[in-house]
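**Q** For reference, the file query-v4.cif (mmCIF, C-alpha atoms) is included below:
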data_start
loop_
_atom_site.label_atom_id
_atom_site.label_comp_id
_atom_site.auth_asym_id
_atom_site.auth_seq_id
_atom_site.Cartn_x
_atom_site.Cartn_y
_atom_site.Cartn_z
CA MET A 1 0.00 0.00 0.00
CA SER A 2 1.36 3.41 -0.89
CA ILE A 3 0.92 6.26 1.50
CA PHE A 4 0.59 9.61 -0.23
CA GLU A 5 -0.37 13.17 0.55
CA ALA A 6 -2.50 14.80 -2.12
CA GLY A 7 -0.44 13.39 -4.96
CA VAL A 8 2.96 13.41 -3.23
CA ARG A 9 4.01 9.79 -2.90
CA SER A 10 6.07 8.37 -0.08
CA ARG A 11 9.61 7.16 -0.57
CA GLY A 12 8.60 3.51 -0.60
CA PRO A 13 5.77 1.02 -0.12
CA VAL A 14 4.48 0.49 3.39
CA ALA A 15 2.78 -2.75 4.41
CA PHE A 16 0.76 -3.23 7.56
CA ARG A 17 -1.88 -5.53 9.04
CA LEU A 18 -4.78 -4.54 11.25
CA VAL A 19 -6.11 -7.08 13.76
CA ASP A 20 -8.84 -6.71 16.36
CA ASP A 21 -8.26 -9.99 18.21
CA PRO A 22 -5.82 -9.63 21.15
CA ALA A 23 -4.78 -13.28 20.83
CA VAL A 24 -3.90 -12.82 17.17
CA ALA A 25 -2.03 -9.64 18.00
CA ARG A 26 0.05 -11.46 20.62
CA HIS A 27 0.74 -14.21 18.07
CA TRP A 28 2.04 -11.69 15.55
CA ARG A 29 4.20 -9.94 18.12
CA ARG A 30 5.67 -13.25 19.34
CA ASP A 31 6.30 -14.89 15.97
CA TRP A 32 7.19 -11.90 13.83
CA GLY A 33 8.56 -9.33 16.22
CA ALA A 34 12.06 -10.80 16.51
CA GLU A 35 12.32 -11.40 12.78
CA ILE A 36 11.20 -7.91 11.94
CA ARG A 37 13.71 -6.48 14.40
CA SER A 38 16.49 -8.61 12.91
CA LEU A 39 15.65 -7.43 9.41
CA ALA A 40 15.71 -3.78 10.46
CA PRO A 41 19.02 -2.07 9.70
CA ALA A 42 21.15 -1.36 12.71
CA ALA A 43 21.04 2.24 13.77
CA THR A 44 24.24 4.02 12.91
CA PRO A 45 25.34 6.39 15.65
CA ARG A 46 25.43 9.92 14.37
CA LYS A 47 28.46 12.00 15.14
CA PRO A 48 27.54 15.33 16.74
CA LEU A 49 29.84 17.36 14.49
CA ARG A 50 28.53 15.71 11.34
CA SER A 51 24.96 16.31 12.49
CA LEU A 52 25.68 20.00 13.14
CA VAL A 53 27.34 20.39 9.75
CA GLY A 54 24.40 18.70 8.03
CA LEU A 55 21.89 20.87 9.88
CA ALA A 56 23.83 24.02 9.00
CA GLY A 57 23.84 22.98 5.35
CA GLN A 58 20.11 22.36 5.38
CA LEU A 59 19.33 25.72 6.98
CA ALA A 60 21.74 27.90 4.99
CA ILE A 61 19.38 28.60 2.09
CA PRO A 62 16.20 28.89 4.24
CA VAL A 63 17.90 31.41 6.55
CA LEU A 64 19.14 33.41 3.55
CA LEU A 65 15.66 33.41 2.00
CA LEU A 66 14.12 34.64 5.25
CA LEU A 67 16.71 37.42 5.54
CA VAL A 68 16.04 38.53 1.95
CA ALA A 69 12.27 38.51 2.52
CA GLY A 70 12.68 40.54 5.71
CA GLU A 71 14.98 43.02 3.98
CA ALA A 72 12.38 43.52 1.25
CA CYS A 73 9.77 44.35 3.91
CA LEU A 74 12.08 46.94 5.44
CA LEU A 75 13.17 48.33 2.08
CA TYR A 76 9.57 49.01 1.03
CA SER A 77 8.29 49.88 4.50
CA GLN A 78 7.58 53.49 3.53
CA MET A 79 6.67 52.95 -0.11
CA PRO A 80 2.98 53.22 -1.03
CA PRO A 81 1.51 50.20 -2.80
CA PRO A 82 -0.07 50.34 -6.26
CA VAL A 83 -3.03 52.71 -6.39
CA TRP A 84 -5.57 49.90 -6.82
CA ILE A 85 -4.66 48.32 -3.44
CA GLY A 86 -6.52 50.15 -0.69
CA GLY A 87 -6.80 53.56 -2.28
CA ASP A 88 -5.99 56.49 -0.01
CA ARG A 89 -6.01 54.32 3.14
CA ALA A 90 -3.60 51.75 1.78
CA MET A 91 -0.98 50.17 4.02
CA PRO A 92 2.72 50.57 3.15
CA LEU A 93 4.05 48.06 0.65
CA GLY A 94 6.37 46.56 3.27
CA LEU A 95 3.41 45.43 5.37
CA LEU A 96 1.79 43.89 2.31
CA LEU A 97 4.96 41.84 1.74
CA LEU A 98 5.17 40.68 5.36
CA PRO A 99 3.10 37.48 4.86
CA GLY A 100 5.80 36.34 2.45
CA THR A 101 8.14 35.85 5.40
CA PHE A 102 5.61 33.47 6.98
CA PHE A 103 5.47 31.57 3.69
CA VAL A 104 9.25 31.09 3.63
CA VAL A 105 9.25 29.58 7.13
CA GLN A 106 6.30 27.33 6.26
CA LEU A 107 8.24 25.78 3.39
CA THR A 108 11.08 24.99 5.79
CA ASN A 109 8.60 23.54 8.25
CA ARG A 110 7.11 21.33 5.55
CA ARG A 111 10.47 20.02 4.37
CA TYR A 112 12.50 19.72 7.59
CA GLY A 113 9.99 19.99 10.45
CA GLY A 114 9.17 22.39 13.24
CA VAL A 115 12.56 22.24 14.96
CA ALA A 116 14.39 23.28 11.80
CA ALA A 117 11.85 26.04 11.14
CA SER A 118 12.34 27.35 14.69
CA LEU A 119 16.12 27.34 14.22
CA GLN A 120 15.70 29.16 10.92
CA LEU A 121 13.67 31.84 12.68
CA VAL A 122 16.14 32.24 15.57
CA VAL A 123 19.26 32.30 13.39
CA ALA A 124 17.77 34.73 10.88
CA SER A 125 16.53 37.03 13.68
CA LEU A 126 19.92 37.10 15.39
CA ALA A 127 21.68 37.72 12.08
CA ALA A 128 19.28 40.56 11.20
CA VAL A 129 19.76 42.25 14.57
CA ALA A 130 23.54 41.89 14.35
CA ILE A 131 23.62 43.39 10.86
CA LEU A 132 21.35 46.30 11.79
CA LEU A 133 23.42 47.13 14.88
CA LEU A 134 26.95 46.40 13.69
CA ARG A 135 27.01 46.74 9.92
CA PRO A 136 24.04 48.80 8.71
CA ASP A 137 26.18 49.89 5.73
CA TRP A 138 25.65 46.44 4.24
CA LEU A 139 21.97 47.28 3.74
CA SER A 140 21.80 50.20 1.36
CA GLY A 141 18.50 51.92 0.78
CA LEU A 142 16.89 50.95 4.08
CA PRO A 143 14.98 53.63 6.03
CA ASP A 144 16.42 55.11 9.19
CA LEU A 145 14.93 53.08 12.03
CA HIS A 146 15.69 55.81 14.57
CA GLN A 147 12.95 58.00 13.14
CA TRP A 148 10.36 55.35 13.99
CA GLY A 149 11.24 55.42 17.68
CA THR A 150 12.49 52.68 19.97
CA ARG A 151 8.98 51.72 21.12
CA THR A 152 7.71 51.19 17.57
CA VAL A 153 10.75 49.20 16.43
CA LEU A 154 10.72 46.92 19.47
CA SER A 155 6.95 46.41 19.30
CA PHE A 156 6.91 45.44 15.65
CA GLY A 157 10.10 43.39 15.94
CA MET A 158 8.94 41.32 18.91
CA ALA A 159 5.43 40.95 17.45
CA LEU A 160 6.90 39.64 14.20
CA PHE A 161 9.10 37.12 16.03
CA LEU A 162 6.18 35.84 18.13
CA ALA A 163 3.97 35.71 15.04
CA HIS A 164 6.51 33.48 13.32
CA ALA A 165 6.72 31.28 16.43
CA ALA A 166 2.93 30.89 16.42
CA SER A 167 3.00 30.07 12.72
CA VAL A 168 5.56 27.31 13.26
CA MET A 169 3.55 25.71 16.08
CA VAL A 170 0.21 25.86 14.24
CA PHE A 171 1.72 24.48 11.03
CA ASP A 172 3.37 21.58 12.86
CA TRP A 173 0.13 20.85 14.71
CA LEU A 174 -2.13 20.85 11.62
CA ARG A 175 0.12 19.13 9.07
CA GLY A 176 -1.77 16.23 7.51
CA PRO A 177 -3.54 14.88 4.41
CA ALA A 178 -5.53 18.10 3.95
CA TRP A 179 -2.57 19.98 2.46
CA TRP A 180 -4.11 23.45 2.73
CA ARG A 181 -4.96 23.45 6.45
CA ALA A 182 -1.45 23.82 7.87
CA PRO A 183 -0.29 26.76 5.69
CA PHE A 184 -3.65 28.55 5.76
CA PHE A 185 -4.25 28.48 9.50
CA ALA A 186 -0.55 29.05 10.25
CA SER A 187 -0.67 32.26 8.21
CA LEU A 188 -3.91 33.30 9.90
CA ALA A 189 -2.41 32.68 13.36
CA ALA A 190 0.72 34.62 12.45
CA GLY A 191 -1.26 37.58 11.15
CA LEU A 192 -3.51 37.61 14.20
CA VAL A 193 -0.61 37.51 16.67
CA PHE A 194 1.32 40.18 14.76
CA CYS A 195 -1.57 42.64 14.54
CA LEU A 196 -2.85 42.16 18.09
CA LEU A 197 0.62 42.69 19.57
CA ALA A 198 2.34 45.20 17.30
CA TYR A 199 -0.25 47.95 17.06
CA PRO A 200 -1.37 48.24 20.71
CA PHE A 201 2.19 48.17 22.05
CA ALA A 202 3.50 50.57 19.41
CA TYR A 203 0.69 53.12 19.11
CA ALA A 204 -1.71 52.92 22.07
CA GLY A 205 -1.89 56.36 23.68
CA ARG A 206 0.04 57.98 20.84
CA TRP A 207 -2.13 57.51 17.74
CA ALA A 208 -5.90 57.68 17.73
CA ASP A 209 -6.47 55.56 14.60
CA TRP A 210 -4.25 52.61 15.49
CA ALA A 211 -7.24 50.25 15.93
CA ASP A 212 -8.48 51.05 12.43
CA ALA A 213 -5.01 50.44 10.96
CA MET A 214 -4.76 47.17 12.90
CA THR A 215 -8.10 45.98 11.53
CA ARG A 216 -7.14 46.82 7.96
CA ASN A 217 -3.80 45.05 8.33
CA LEU A 218 -5.53 41.99 9.77
CA ALA A 219 -7.84 41.93 6.75
CA ILE A 220 -4.79 42.06 4.49
CA MET A 221 -3.21 39.16 6.39
CA THR A 222 -6.38 37.10 5.93
CA VAL A 223 -6.46 37.72 2.18
CA ALA A 224 -2.74 36.95 1.93
CA ALA A 225 -3.23 33.65 3.80
CA THR A 226 -5.66 32.62 1.09
CA LEU A 227 -3.61 33.84 -1.86
CA LEU A 228 -0.42 32.17 -0.63
CA LEU A 229 -2.09 28.78 -0.93
CA VAL A 230 -1.55 29.03 -4.69
CA PRO A 231 2.29 29.11 -4.63
CA TYR A 232 2.26 26.59 -1.78
CA TRP A 233 0.21 24.20 -3.91
CA LEU A 234 2.54 24.72 -6.87
CA LEU A 235 5.66 24.02 -4.78
CA ARG A 236 4.41 20.90 -3.00
CA ARG A 237 5.91 18.55 -5.59
CA PHE A 238 9.28 20.30 -5.41
CA VAL A 239 9.44 20.74 -1.63
CA GLU A 240 8.79 17.22 -0.41
CA PRO A 241 7.29 16.87 3.08
CA LEU A 242 9.16 15.69 6.12
CA PRO A 243 9.41 11.88 5.86
CA GLY A 244 8.04 9.63 8.55
CA PHE A 245 4.81 9.46 10.55
CA GLY A 246 2.90 12.71 10.31
CA GLY A 247 5.34 13.99 7.71
CA TYR A 248 2.99 16.01 5.56
#
If you took the structure in this file and wrote it as structure tokens, what would it be?

**A**
Amino acid sequence: MSIFEAGVRSRGPVAFRLVDDPAVARHWRRDWGAEIRSLAPAATPRKPLRSLVGLAGQLAIPVLLLLVAGEACLLYSQMPPPVWIGGDRAMPLGLLLLPGTFFVVQLTNRRYGGVAASLQLVVASLAAVAILLLRPDWLSGLPDLHQWGTRTVLSFGMALFLAHAASVMVFDWLRGPAWWRAPFFASLAAGLVFCLLAYPFAYAGRWADWADAMTRNLAIMTVAATLLLVPYWLLRRFVEPLPGFGGY
């Protein structure tokens, strides 16, 4: 029997037998258990250094993609979007691109699992902070963050990090045969956490219309969660899911 997820086949055939008689089950465990264990390949101990090198190699491209997506959000953070998106009350283009960072982490989560996606988030966040503090000259064309104020920068930065963390947990929890559930609800959770944390902490008591802006941004996140299902569906055959039980 082949196990597959919406057209993505597993790496090999899987055979199993279902029994509802406890006596038969004990018979199978007694007669076949030792043989099955003897046929199983012996586990090869993994060297810690080799494991770390392999993990670093796996995460190099995902971390770079996340950094590039985050830089694009900052680069266009003060640029108005096309006229047909939102009209006079449109959000900055950088906020419209923000769901793309959730999408990048979801692809890593699909391929390597929640632990790797969490490491991608932590490493990319530390690298971004280090670059912004130590070598801002590497990032030409970015706006001056000092003009936003410390409260605004910290609020949006921490809200974005926690939104990504929520996205990783929801995606890992909902992965399964229904391919669209994990990315859709992970993006919704990320957008909800980001909006409900960033705007109150950044603007409460300083800007009267922050609730309206938060609502409009949340609506944008909801639409983006739906639209991003299209590239996710197109990439499923190229980004194979995490192998093993629950590896959708």

**Q** Excluding region 209-221 of chain A and its own-chain neighbours fewer than 5 positions away, which residues fall within 7 Å of it when counting all atoms listed in the file? Please give them as a list in words.

**A**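 The contact residues come out as Pro99, Leu188, Gly191, Leu192, Cys195, Tyr199 and Tyr203 of chain A.
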
**Q** At a cut-off of 10 Å around the point (4.2, 40.0, 4.1) (file coordinates), what residues fall inside when counting all atoms listed in the file? I'd like the answer as a PyMOL selection string.

**A** chain A and resi 69-70+72-73+93-103+191+220-221+224-225

**Q** How about saving the chosen residues, C-alpha atoms kept, as a PDB file, in the coordinates of the input?

**A**
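Result went into result.pdb, see below:
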ATOM      1  CA  ALA A  69      12.270  38.510   2.520  1.00  0.00           C
ATOM      2  CA  GLY A  70      12.680  40.540   5.710  1.00  0.00           C
ATOM      3  CA  ALA A  72      12.380  43.520   1.250  1.00  0.00           C
ATOM      4  CA  CYS A  73       9.770  44.350   3.910  1.00  0.00           C
ATOM      5  CA  LEU A  93       4.050  48.060   0.650  1.00  0.00           C
ATOM      6  CA  GLY A  94       6.370  46.560   3.270  1.00  0.00           C
ATOM      7  CA  LEU A  95       3.410  45.430   5.370  1.00  0.00           C
ATOM      8  CA  LEU A  96       1.790  43.890   2.310  1.00  0.00           C
ATOM      9  CA  LEU A  97       4.960  41.840   1.740  1.00  0.00           C
ATOM     10  CA  LEU A  98       5.170  40.680   5.360  1.00  0.00           C
ATOM     11  CA  PRO A  99       3.100  37.480   4.860  1.00  0.00           C
ATOM     12  CA  GLY A 100       5.800  36.340   2.450  1.00  0.00           C
ATOM     13  CA  THR A 101       8.140  35.850   5.400  1.00  0.00           C
ATOM     14  CA  PHE A 102       5.610  33.470   6.980  1.00  0.00           C
ATOM     15  CA  PHE A 103       5.470  31.570   3.690  1.00  0.00           C
ATOM     16  CA  GLY A 191      -1.260  37.580  11.150  1.00  0.00           C
ATOM     17  CA  ILE A 220      -4.790  42.060   4.490  1.00  0.00           C
ATOM     18  CA  MET A 221      -3.210  39.160   6.390  1.00  0.00           C
ATOM     19  CA  ALA A 224      -2.740  36.950   1.930  1.00  0.00           C
ATOM     20  CA  ALA A 225      -3.230  33.650   3.800  1.00  0.00           C
TER      21      ALA A 225
END

**Q** Using only C-alpha atoms, find the one residue out of A:Tyr248, A:Phe201, A:Trp180, A:Phe171 that sits nearest to Gln106 (chain A).

**A** A:Phe171

**Q** Determine the residue membership of the PyMOL selection byres ((chain A and resi 162) around 12) for the file above and supply it as a PyMOL selection string.

**A** chain A and resi 102+118+121-122+125+155-161+163-169+189-198

**Q** What is the distance between CA of Ala127 (chain A) and CA of Ile61 (chain A), in Å to one decimal?

**A**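 Atom-to-atom, CA of Ala127 (chain A) and CA of Ile61 (chain A) are spaced 13.7 Å apart.
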
**Q** What gap, in Å, lies between CA of Gln58 (chain A) and CA of Val104 (chain A)?

**A**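 Between CA of Gln58 (chain A) and CA of Val104 (chain A) the gap is 14.0 Å.
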
**Q** When you look at Arg175 (chain A) with a cut-off of 12 Å (counting only C-alpha atoms), what residues show up, excluding the ones that are within fewer than 3 positions of it in the same chain? I need them as a PyMOL selection string.

**A** chain A and resi 5+106-107+109-111+113-114+167-172+178-186+241-242+245-248

**Q** Which residues would end up in the selection if the PyMOL selection byres ((chain A and resi 62) around 8) were applied here, given that I need the answer as a ChimeraX atom specification?

**A** /A:58-61,63-66,104-105,108,120

**Q** What is the CA of Trp148 (chain A)-CA of Ala128 (chain A) distance in Å, reported with one decimal?

**A**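 Atom-to-atom, CA of Trp148 (chain A) to CA of Ala128 (chain A), that is 17.5 Å.
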
**Q** To test your reading of the syntax: which residues would the PyMOL selection byres ((chain A and resi 238) around 12) return for the file shown? Reply as a PyMOL selection string.

**A** chain A and resi 7-8+107+110-111+231-237+239-241
